[in-house]
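Colleague: Hey, dropping model29.pdb in here, PDB, C-alpha atoms:
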```pdb
ATOM      1  CA  MET T   1     106.442  92.264  21.276
ATOM      2  CA  ALA T   2     105.428  89.720  18.709
ATOM      3  CA  LYS T   3     104.224  91.220  15.500
ATOM      4  CA  LYS T   4     101.277  89.980  13.537
ATOM      5  CA  LEU T   5     102.199  88.942  10.042
ATOM      6  CA  ASN T   6     100.479  90.680   7.199
ATOM      7  CA  VAL T   7      98.199  87.936   5.903
ATOM      8  CA  ASN T   8      94.532  87.507   5.067
ATOM      9  CA  PRO T   9      92.474  86.010   7.868
ATOM     10  CA  THR T  10      91.226  83.013   5.959
ATOM     11  CA  ARG T  11      90.939  79.389   6.885
ATOM     12  CA  MET T  12      93.508  78.437   4.272
ATOM     13  CA  GLU T  13      96.025  80.888   5.633
ATOM     14  CA  LEU T  14      95.387  79.524   9.108
ATOM     15  CA  LEU T  15      96.154  75.991   8.041
ATOM     16  CA  ARG T  16      99.303  77.141   6.270
ATOM     17  CA  LEU T  17     100.458  79.083   9.313
ATOM     18  CA  LYS T  18      99.802  76.225  11.677
ATOM     19  CA  LYS T  19     101.986  74.047   9.530
ATOM     20  CA  ARG T  20     104.706  76.689   9.608
ATOM     21  CA  VAL T  21     104.555  76.932  13.379
ATOM     22  CA  LYS T  22     105.032  73.223  13.611
ATOM     23  CA  THR T  23     108.027  73.291  11.262
ATOM     24  CA  ALA T  24     109.550  76.243  13.062
ATOM     25  CA  LYS T  25     109.227  74.511  16.397
ATOM     26  CA  ARG T  26     110.843  71.382  15.094
ATOM     27  CA  GLY T  27     113.643  73.369  13.514
ATOM     28  CA  TYR T  28     114.101  75.254  16.738
ATOM     29  CA  LYS T  29     114.435  72.075  18.731
ATOM     30  CA  LEU T  30     116.904  70.574  16.284
ATOM     31  CA  LEU T  31     119.004  73.708  16.107
ATOM     32  CA  LYS T  32     119.059  73.967  19.855
ATOM     33  CA  GLU T  33     120.358  70.446  20.042
ATOM     34  CA  LYS T  34     122.952  71.223  17.407
ATOM     35  CA  ARG T  35     124.077  74.253  19.362
ATOM     36  CA  ASP T  36     124.425  72.229  22.549
ATOM     37  CA  GLY T  37     126.301  69.503  20.723
ATOM     38  CA  LEU T  38     128.693  71.986  19.158
ATOM     39  CA  MET T  39     129.226  73.631  22.492
ATOM     40  CA  LYS T  40     130.127  70.307  24.042
ATOM     41  CA  GLN T  41     132.677  69.628  21.305
ATOM     42  CA  PHE T  42     134.029  73.120  21.613
ATOM     43  CA  MET T  43     134.443  72.928  25.359
ATOM     44  CA  ALA T  44     136.256  69.629  24.986
ATOM     45  CA  ILE T  45     138.948  71.101  22.751
ATOM     46  CA  ILE T  46     139.297  74.702  23.807
ATOM     47  CA  ARG T  47     141.100  73.919  27.038
ATOM     48  CA  GLU T  48     143.419  71.593  25.191
ATOM     49  CA  ALA T  49     144.053  74.363  22.683
ATOM     50  CA  LYS T  50     145.006  76.717  25.464
ATOM     51  CA  GLU T  51     147.424  74.219  26.951
ATOM     52  CA  MET T  52     149.026  73.482  23.584
ATOM     53  CA  ARG T  53     149.342  77.159  22.879
ATOM     54  CA  GLU T  54     151.094  77.748  26.173
ATOM     55  CA  GLN T  55     153.394  74.823  25.600
ATOM     56  CA  VAL T  56     154.417  75.984  22.140
ATOM     57  CA  GLU T  57     154.795  79.583  23.237
ATOM     58  CA  GLY T  58     157.028  78.441  26.045
ATOM     59  CA  LYS T  59     159.404  76.466  23.858
ATOM     60  CA  MET T  60     159.593  78.359  20.611
ATOM     61  CA  PRO T  61     161.205  81.678  21.537
ATOM     62  CA  GLU T  62     164.114  79.956  23.265
ATOM     63  CA  ALA T  63     164.780  77.726  20.304
ATOM     64  CA  LEU T  64     164.519  80.624  17.894
ATOM     65  CA  LYS T  65     166.868  82.642  20.022
ATOM     66  CA  SER T  66     169.523  79.980  20.115
ATOM     67  CA  PHE T  67     169.086  79.525  16.394
ATOM     68  CA  LEU T  68     169.710  83.225  15.916
ATOM     69  CA  PHE T  69     172.812  83.071  18.079
ATOM     70  CA  ALA T  70     174.007  80.070  16.153
ATOM     71  CA  SER T  71     173.492  81.852  12.894
ATOM     72  CA  ALA T  72     175.318  84.860  14.244
ATOM     73  CA  ASP T  73     178.248  82.605  15.054
ATOM     74  CA  MET T  74     178.529  81.345  11.520
ATOM     75  CA  ARG T  75     178.992  83.019   8.229
ATOM     76  CA  PRO T  76     175.622  83.401   6.511
ATOM     77  CA  GLU T  77     176.818  81.491   3.473
ATOM     78  CA  ALA T  78     178.082  78.648   5.611
ATOM     79  CA  LEU T  79     174.782  78.423   7.410
ATOM     80  CA  GLU T  80     172.878  78.552   4.174
ATOM     81  CA  GLU T  81     175.098  75.853   2.805
ATOM     82  CA  SER T  82     174.736  73.548   5.756
ATOM     83  CA  LEU T  83     170.987  73.810   5.756
ATOM     84  CA  ALA T  84     170.601  73.682   2.016
ATOM     85  CA  MET T  85     169.769  70.015   1.747
ATOM     86  CA  PRO T  86     167.257  69.000   4.342
ATOM     87  CA  SER T  87     167.386  65.302   5.022
ATOM     88  CA  GLN T  88     164.344  65.142   7.186
ATOM     89  CA  LYS T  89     161.037  64.667   5.520
ATOM     90  CA  VAL T  90     157.706  65.406   7.018
ATOM     91  CA  SER T  91     154.510  63.949   5.778
ATOM     92  CA  LEU T  92     151.233  65.361   6.759
ATOM     93  CA  GLU T  93     148.098  63.439   6.073
ATOM     94  CA  SER T  94     145.087  65.595   6.413
ATOM     95  CA  GLU T  95     141.528  64.542   6.538
ATOM     96  CA  VAL T  96     138.432  66.599   6.871
ATOM     97  CA  LYS T  97     136.103  65.434   9.581
ATOM     98  CA  ASN T  98     132.516  66.524   9.753
ATOM     99  CA  VAL T  99     131.468  67.527  13.248
ATOM    100  CA  MET T 100     127.813  68.609  13.223
ATOM    101  CA  SER T 101     128.074  70.039   9.728
ATOM    102  CA  VAL T 102     131.340  71.812  10.464
ATOM    103  CA  ASN T 103     134.299  70.604   8.479
ATOM    104  CA  VAL T 104     137.279  70.407  10.756
ATOM    105  CA  PRO T 105     140.735  69.244   9.711
ATOM    106  CA  GLN T 106     142.496  66.266  11.223
ATOM    107  CA  PHE T 107     146.169  65.850  10.730
ATOM    108  CA  THR T 108     148.313  62.798  10.946
ATOM    109  CA  PHE T 109     151.868  63.862  11.093
ATOM    110  CA  LYS T 110     155.001  61.838  10.497
ATOM    111  CA  GLN T 111     158.616  62.780  10.641
ATOM    112  CA  GLU T 112     161.138  60.758   8.713
ATOM    113  CA  GLY T 113     164.884  60.846   8.955
ATOM    114  CA  LYS T 114     167.148  62.949  11.110
ATOM    115  CA  PHE T 115     167.396  66.670  10.879
ATOM    116  CA  LEU T 116     171.164  66.493  11.227
ATOM    117  CA  CYS T 117     172.090  66.996   7.628
ATOM    118  CA  TYR T 118     175.194  69.069   8.006
ATOM    119  CA  SER T 119     178.755  68.707   9.000
ATOM    120  CA  LEU T 120     179.082  68.791  12.757
ATOM    121  CA  SER T 121     182.555  70.233  12.657
ATOM    122  CA  SER T 122     181.695  73.352  10.718
ATOM    123  CA  THR T 123     178.584  74.328  12.594
ATOM    124  CA  SER T 124     177.933  75.678  16.024
ATOM    125  CA  SER T 125     176.517  73.354  18.632
ATOM    126  CA  GLN T 126     173.791  75.822  19.371
ATOM    127  CA  LEU T 127     172.431  75.042  15.950
ATOM    128  CA  ASP T 128     171.946  71.411  16.931
ATOM    129  CA  ASP T 129     170.163  72.407  20.122
ATOM    130  CA  SER T 130     167.810  74.791  18.461
ATOM    131  CA  LEU T 131     167.013  72.414  15.641
ATOM    132  CA  ARG T 132     166.356  69.641  18.126
ATOM    133  CA  THR T 133     163.854  71.823  19.938
ATOM    134  CA  PHE T 134     162.254  72.770  16.644
ATOM    135  CA  SER T 135     162.011  69.154  15.721
ATOM    136  CA  ASP T 136     160.501  68.217  19.056
ATOM    137  CA  SER T 137     157.992  70.983  19.088
ATOM    138  CA  LEU T 138     156.898  70.461  15.515
ATOM    139  CA  GLN T 139     154.545  67.704  16.563
ATOM    140  CA  ASP T 140     153.010  70.024  19.120
ATOM    141  CA  MET T 141     152.772  72.817  16.603
ATOM    142  CA  ILE T 142     150.845  70.651  14.182
ATOM    143  CA  LYS T 143     148.557  69.517  16.954
ATOM    144  CA  LEU T 144     148.063  73.120  17.977
ATOM    145  CA  ALA T 145     147.250  74.075  14.409
ATOM    146  CA  GLU T 146     144.656  71.336  14.230
ATOM    147  CA  ILE T 147     142.977  72.115  17.530
ATOM    148  CA  GLU T 148     143.086  75.853  17.319
ATOM    149  CA  HIS T 149     141.761  75.905  13.802
ATOM    150  CA  SER T 150     139.001  73.455  14.693
ATOM    151  CA  ALA T 151     138.053  75.586  17.666
ATOM    152  CA  ALA T 152     137.866  78.668  15.480
ATOM    153  CA  LEU T 153     135.663  76.907  12.949
ATOM    154  CA  LEU T 154     133.411  75.510  15.655
ATOM    155  CA  ALA T 155     133.104  78.901  17.317
ATOM    156  CA  GLU T 156     131.938  80.432  14.094
ATOM    157  CA  GLU T 157     129.332  77.740  13.610
ATOM    158  CA  ILE T 158     128.172  78.033  17.215
ATOM    159  CA  GLU T 159     127.640  81.734  16.760
ATOM    160  CA  LYS T 160     125.648  81.183  13.594
ATOM    161  CA  THR T 161     123.541  78.455  15.142
ATOM    162  CA  ARG T 162     122.895  80.499  18.230
ATOM    163  CA  ARG T 163     121.661  83.368  16.116
ATOM    164  CA  ARG T 164     119.300  81.076  14.289
ATOM    165  CA  VAL T 165     118.014  79.567  17.517
ATOM    166  CA  ASN T 166     117.379  83.015  18.965
ATOM    167  CA  ALA T 167     115.710  84.254  15.821
ATOM    168  CA  LEU T 168     113.367  81.283  15.889
ATOM    169  CA  GLU T 169     112.703  81.466  19.600
ATOM    170  CA  TYR T 170     112.155  85.181  19.996
ATOM    171  CA  VAL T 171     110.951  86.351  16.597
ATOM    172  CA  MET T 172     109.702  83.751  14.234
ATOM    173  CA  ILE T 173     107.699  81.476  16.541
ATOM    174  CA  PRO T 174     106.026  84.270  18.564
ATOM    175  CA  ASP T 175     105.125  86.111  15.354
ATOM    176  CA  LEU T 176     103.586  83.034  13.818
ATOM    177  CA  GLU T 177     101.687  82.202  16.968
ATOM    178  CA  THR T 178     100.289  85.716  17.275
ATOM    179  CA  THR T 179      99.112  85.557  13.696
ATOM    180  CA  VAL T 180      97.500  82.169  14.233
ATOM    181  CA  ARG T 181      95.677  83.538  17.251
ATOM    182  CA  PHE T 182      94.605  86.602  15.316
ATOM    183  CA  ILE T 183      93.164  84.537  12.499
ATOM    184  CA  THR T 184      91.378  82.148  14.878
ATOM    185  CA  LEU T 185      89.777  85.081  16.665
ATOM    186  CA  LYS T 186      88.851  86.812  13.446
ATOM    187  CA  LEU T 187      87.285  83.633  12.041
ATOM    188  CA  GLY T 188      85.335  83.105  15.289
ATOM    189  CA  GLU T 189      84.127  86.669  15.145
ATOM    190  CA  GLN T 190      83.000  86.219  11.559
ATOM    191  CA  GLU T 191      81.144  83.061  12.494
ATOM    192  CA  ARG T 192      79.353  84.792  15.352
ATOM    193  CA  ALA T 193      78.500  87.716  13.087
ATOM    194  CA  GLY T 194      77.076  85.249  10.594
ATOM    195  CA  ILE T 195      74.917  83.546  13.213
ATOM    196  CA  ALA T 196      73.672  86.865  14.542
ATOM    197  CA  MET T 197      72.765  87.948  11.035
ATOM    198  CA  VAL T 198      70.853  84.758  10.330
ATOM    199  CA  MET T 199      68.959  85.103  13.601
ATOM    200  CA  ARG T 200      68.083  88.683  12.802
ATOM    201  CA  VAL T 201      66.906  87.833   9.279
ATOM    202  CA  LYS T 202      64.806  85.006  10.706
ATOM    203  CA  GLU T 203      63.150  87.447  13.137
ATOM    204  CA  MET T 204      62.418  89.863  10.310
ATOM    205  CA  ILE T 205      60.808  87.122   8.229
ATOM    206  CA  LYS T 206      58.688  85.986  11.178
ATOM    207  CA  ASP T 207      57.470  89.560  11.834
ATOM    208  CA  ASN T 208      56.224  90.027   8.317
TER
ATOM    209  CA  MET W   1     145.577  63.432   1.288
ATOM    210  CA  GLU W   2     149.191  64.424   1.559
ATOM    211  CA  HIS W   3     149.825  68.053   2.253
ATOM    212  CA  LYS W   4     152.717  70.378   2.839
ATOM    213  CA  ILE W   5     153.426  72.564   5.797
ATOM    214  CA  GLY W   6     154.432  76.122   5.119
ATOM    215  CA  ILE W   7     155.996  78.718   7.325
ATOM    216  CA  ILE W   8     155.969  82.440   6.696
ATOM    217  CA  GLY W   9     158.436  84.760   8.363
ATOM    218  CA  SER W  10     161.655  86.594   7.791
ATOM    219  CA  HIS W  11     164.483  84.606   6.312
ATOM    220  CA  GLU W  12     166.524  84.080   9.461
ATOM    221  CA  GLU W  13     163.567  83.032  11.513
ATOM    222  CA  ILE W  14     162.351  80.295   9.265
ATOM    223  CA  LEU W  15     165.608  78.936   7.907
ATOM    224  CA  GLY W  16     165.791  76.454  10.748
ATOM    225  CA  PHE W  17     162.456  74.980   9.890
ATOM    226  CA  LYS W  18     163.627  74.241   6.392
ATOM    227  CA  THR W  19     165.815  71.497   7.810
ATOM    228  CA  LEU W  20     162.781  69.880   9.316
ATOM    229  CA  GLY W  21     161.058  69.554   6.003
ATOM    230  CA  LEU W  22     158.763  72.533   6.168
ATOM    231  CA  VAL W  23     158.419  74.814   3.194
ATOM    232  CA  PRO W  24     159.980  78.167   4.090
ATOM    233  CA  LEU W  25     158.324  81.208   2.594
ATOM    234  CA  ALA W  26     160.553  84.145   3.325
ATOM    235  CA  VAL W  27     159.053  87.593   3.391
ATOM    236  CA  ARG W  28     160.469  91.048   3.828
ATOM    237  CA  LYS W  29     157.406  93.236   3.581
ATOM    238  CA  LYS W  30     153.907  93.170   4.971
ATOM    239  CA  GLU W  31     152.364  92.944   1.509
ATOM    240  CA  GLU W  32     154.451  89.893   0.749
ATOM    241  CA  VAL W  33     152.905  88.015   3.656
ATOM    242  CA  ILE W  34     149.446  88.349   2.165
ATOM    243  CA  LYS W  35     150.712  87.582  -1.294
ATOM    244  CA  LYS W  36     152.470  84.405  -0.201
ATOM    245  CA  LEU W  37     149.517  83.345   1.853
ATOM    246  CA  ASP W  38     147.143  83.803  -1.047
ATOM    247  CA  GLU W  39     149.455  81.844  -3.303
ATOM    248  CA  CYS W  40     149.515  78.983  -0.814
ATOM    249  CA  ILE W  41     145.782  78.911  -0.444
ATOM    250  CA  GLU W  42     145.339  79.072  -4.183
ATOM    251  CA  LYS W  43     147.539  76.030  -4.749
ATOM    252  CA  LYS W  44     145.733  73.987  -2.112
ATOM    253  CA  GLU W  45     148.935  72.105  -1.335
ATOM    254  CA  PHE W  46     149.249  73.296   2.202
ATOM    255  CA  ALA W  47     147.380  71.964   5.186
ATOM    256  CA  VAL W  48     149.087  74.109   7.773
ATOM    257  CA  ILE W  49     150.667  77.498   7.344
ATOM    258  CA  PHE W  50     152.531  78.911  10.280
ATOM    259  CA  VAL W  51     153.003  82.643  10.432
ATOM    260  CA  VAL W  52     155.585  84.162  12.730
ATOM    261  CA  GLU W  53     153.940  86.480  15.179
ATOM    262  CA  ASN W  54     155.583  89.785  14.338
ATOM    263  CA  TRP W  55     154.410  89.364  10.761
ATOM    264  CA  ALA W  56     151.020  88.038  11.684
ATOM    265  CA  GLU W  57     150.467  91.079  13.832
ATOM    266  CA  GLN W  58     150.635  93.382  10.856
ATOM    267  CA  VAL W  59     148.111  91.495   8.771
ATOM    268  CA  GLU W  60     145.818  90.262  11.516
ATOM    269  CA  GLU W  61     142.540  90.911   9.750
ATOM    270  CA  GLU W  62     143.655  89.443   6.468
ATOM    271  CA  LEU W  63     144.761  86.308   8.294
ATOM    272  CA  LEU W  64     141.388  85.881   9.949
ATOM    273  CA  GLU W  65     139.647  86.404   6.657
ATOM    274  CA  ARG W  66     141.718  83.739   4.987
ATOM    275  CA  SER W  67     141.293  81.017   7.555
ATOM    276  CA  ARG W  68     137.605  80.404   7.175
ATOM    277  CA  GLY W  69     137.773  77.075   5.350
ATOM    278  CA  ALA W  70     138.729  73.704   6.776
ATOM    279  CA  LEU W  71     142.102  73.865   5.057
ATOM    280  CA  PRO W  72     144.600  75.362   5.354
ATOM    281  CA  ALA W  73     144.894  76.066   9.045
ATOM    282  CA  VAL W  74     146.670  79.376   9.473
ATOM    283  CA  VAL W  75     148.350  79.528  12.844
ATOM    284  CA  THR W  76     150.614  82.083  14.395
ATOM    285  CA  ILE W  77     153.765  81.062  16.221
ATOM    286  CA  PRO W  78     155.850  83.257  18.485
ATOM    287  CA  GLY W  79     159.025  84.789  17.117
ATOM    288  CA  TYR W  80     162.388  84.917  18.857
ATOM    289  CA  ALA W  81     161.324  87.998  20.778
ATOM    290  CA  GLY W  82     158.925  85.843  22.731
ATOM    291  CA  SER W  83     155.192  85.644  22.680
ATOM    292  CA  LYS W  84     153.368  88.887  22.173
ATOM    293  CA  GLY W  85     150.105  87.406  23.280
ATOM    294  CA  MET W  86     148.623  87.119  19.828
ATOM    295  CA  GLY W  87     147.810  83.462  20.232
ATOM    296  CA  GLU W  88     146.145  84.111  23.530
ATOM    297  CA  LYS W  89     144.203  86.974  22.034
ATOM    298  CA  LYS W  90     142.957  84.759  19.257
ATOM    299  CA  LEU W  91     141.902  82.028  21.678
ATOM    300  CA  ARG W  92     140.107  84.575  23.792
ATOM    301  CA  LYS W  93     138.304  85.861  20.754
ATOM    302  CA  ILE W  94     137.265  82.350  19.795
ATOM    303  CA  VAL W  95     135.903  81.658  23.258
ATOM    304  CA  GLU W  96     134.006  84.914  23.343
ATOM    305  CA  GLN W  97     132.507  84.209  19.980
ATOM    306  CA  ALA W  98     131.315  80.772  21.008
ATOM    307  CA  VAL W  99     130.373  81.167  24.629
ATOM    308  CA  GLY W 100     129.546  84.841  24.824
ATOM    309  CA  SER W 101     131.963  85.612  27.597
ATOM    310  CA  ASP W 102     135.559  84.871  28.349
ATOM    311  CA  ILE W 103     135.657  81.795  30.519
ATOM    312  CA  LEU W 104     139.186  80.715  29.777
ATOM    313  CA  PHE W 105     141.410  83.598  30.781
ATOM    314  CA  LYS W 106     139.191  85.118  33.416
ATOM    315  CA  ASP W 107     141.539  84.708  36.326
TER
END
```
Write out the structure in this file as structure tokens.
Modeller:
Amino acid sequence: MAKKLNVNPTRMELLRLKKRVKTAKRGYKLLKEKRDGLMKQFMAIIREAKEMREQVEGKMPEALKSFLFASADMRPEALEESLAMPSQKVSLESEVKNVMSVNVPQFTFKQEGKFLCYSLSSTSSQLDDSLRTFSDSLQDMIKLAEIEHSAALLAEEIEKTRRRVNALEYVMIPDLETTVRFITLKLGEQERAGIAMVMRVKEMIKDN
Amino acid sequence: MEHKIGIIGSHEEILGFKTLGLVPLAVRKKEEVIKKLDECIEKKEFAVIFVVENWAEQVEEELLERSRGALPAVVTIPGYAGSKGMGEKKLRKIVEQAVGSDILFKD
């Protein structure tokens, strides 16, 4: 049930409230559009995020497992030694894109050089395999990071916007409209009372 | 802007990623995960921080709290034990937050 706001029933207040109703309605429309726009963006990426997630989750454990086996094969120091000087460089350019007032990251990812930076004779071949899988899936992982994080940020904004839209639709606008109606009625009543009074006074004067 | 990629996990798990040019951040205790993460965020050098699932599991709430901004993106990756469904859980949570009901994993 819409509540009447606690204001004085004056003409000035009425004008002020009418203006507020108009603003609220415009804001409501804009926010609704924003919500729909965000939702569209969100829907576009969430499925992709799910696919990426599945892809990464499928590949990673295997690679990690073979890496563990490889490291079990070798002496820890030898492993440490062979991996001590990485020859591959990654560069990650990140930009922040603004999607409907949400800042989402965008990554451009480049890999340079080969990951094979160790002696092939002193290391297990499983190490090569696992590192190759790591290297291959890194691109996917970055992509996943980008999409998943964007989705999370968008979801948060959608929730916020939806709350605002609902607050405007179900609380603010009805309240304002009830108050406007109340003031209009009250002012009409006052006017009628005034007319009745004048008529009565006129009668009294005539009688005398 | 150029950024680094970090990976948090136990030493053996993340050693391999060092070769690929990621910055390994080895941890041994739960508290260290949060500490390292905070350090990374503080420095603003990292765009992506991967956290291995078994560690992420223990500090789930802290992770969520710390990934509110555009950067860095904190993402969990499965450990050698296989996926524990944390990624799926997070996605489900995201969908529920945005849509109101789970439309992705319904089946």
Colleague: Could you please select, counting all atoms listed in the file, the residues of chain T within 6 Å of chain W and state them as a ChimeraX atom specification?
Modeller: /T:61,64-65,86,88-90,92-94,103-105,115,145,149,152,155,158-159
Colleague: Selection from above, C-alpha atoms, as a CSV table (one decimal), keeping the file's coordinate frame, can you write it?
Modeller:
```csv
chain,number,residue,atom,x,y,z
T,61,PRO,CA,161.2,81.7,21.5
T,64,LEU,CA,164.5,80.6,17.9
T,65,LYS,CA,166.9,82.6,20.0
T,86,PRO,CA,167.3,69.0,4.3
T,88,GLN,CA,164.3,65.1,7.2
T,89,LYS,CA,161.0,64.7,5.5
T,90,VAL,CA,157.7,65.4,7.0
T,92,LEU,CA,151.2,65.4,6.8
T,93,GLU,CA,148.1,63.4,6.1
T,94,SER,CA,145.1,65.6,6.4
T,103,ASN,CA,134.3,70.6,8.5
T,104,VAL,CA,137.3,70.4,10.8
T,105,PRO,CA,140.7,69.2,9.7
T,115,PHE,CA,167.4,66.7,10.9
T,145,ALA,CA,147.2,74.1,14.4
T,149,HIS,CA,141.8,75.9,13.8
T,152,ALA,CA,137.9,78.7,15.5
T,155,ALA,CA,133.1,78.9,17.3
T,158,ILE,CA,128.2,78.0,17.2
T,159,GLU,CA,127.6,81.7,16.8
```
Colleague: Can you turn the PyMOL selection byres ((chain T and resi 55-59) around 7) into a concrete residue list for this file, as a PyMOL selection string?
Modeller: (chain T and resi 51-54+60-63+137+140-141) or (chain W and resi 78+83)
Colleague: Using CA of Phe67 in chain T and CA of Ser125 in chain T as the two end points, give the distance in Å to one decimal.
Modeller: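 Distance reported for this atom pair: 9.9 Å.
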Colleague: Between W:Glu31, W:Glu65, W:Ile103, W:Asp38, single out the one closest to Arg47 in chain T, counting all atoms listed in the file.
Modeller: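 Closest to Arg47 in chain T of all the choices is W:Ile103.
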Colleague: So how many Å separate CA of Val7 in chain T and CA of Arg164 in chain T, to one decimal?
Modeller: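 CA of Val7 in chain T sits 23.7 Å away from CA of Arg164 in chain T.
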Colleague: Please, what distance in Å, to one decimal, runs between CA of Glu177 in chain T and CA of Gly194 in chain T?
Modeller: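 CA of Gly194 in chain T lies 25.6 Å from CA of Glu177 in chain T.
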Colleague: Please write the residues picked by the PyMOL selection byres ((chain T and resi 74-84) around 9) on this file as a VMD selection string.
Modeller: (chain T and resid 69 to 73 85 to 86 117 to 119 122 to 124) or (chain W and resid 15 to 16 18 to 19)
Colleague: Can you spell out as JSON, numbers by chain the set of residues that the PyMOL selection byres ((chain W and resi 59) around 12) selects in the structure I just provided?
Modeller: {"W": [29, 30, 31, 32, 33, 34, 35, 37, 51, 52, 53, 54, 55, 56, 57, 58, 60, 61, 62, 63, 64, 65, 66, 76, 86]}
Colleague: Between T:Lys4, T:Ser91, T:Ile45, T:Thr10, which has the minimum distance to Val23 in chain W (counting all atoms listed in the file)?
Modeller: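 Using all atoms listed in the file, Val23 in chain W sits closest to T:Ser91.
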Colleague: When distances are computed from all atoms listed in the file, which of T:Asn166, T:Ser66, T:Ala2, T:Ala49 shows the smallest separation from Thr133 in chain T?
Modeller: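 Looking only at the distances to Thr133 in chain T, the closest residue turns out to be T:Ser66.
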Colleague: Determine, using all atoms listed in the file, which residues of range 62-143 of chain T have any atom at most 12 Å from an atom of range 160-163 of chain T, and tabulate each with its shortest atom pair and distance in Å to one decimal place, rows ordered by chain and then rising number, as a tab-separated table.
Modeller:
```
residue	atom	partner	partner_atom	distance
T:Met100	CA	T:Thr161	CA	10.9
T:Ser101	CA	T:Thr161	CA	11.0
T:Val102	CA	T:Thr161	CA	11.3
```
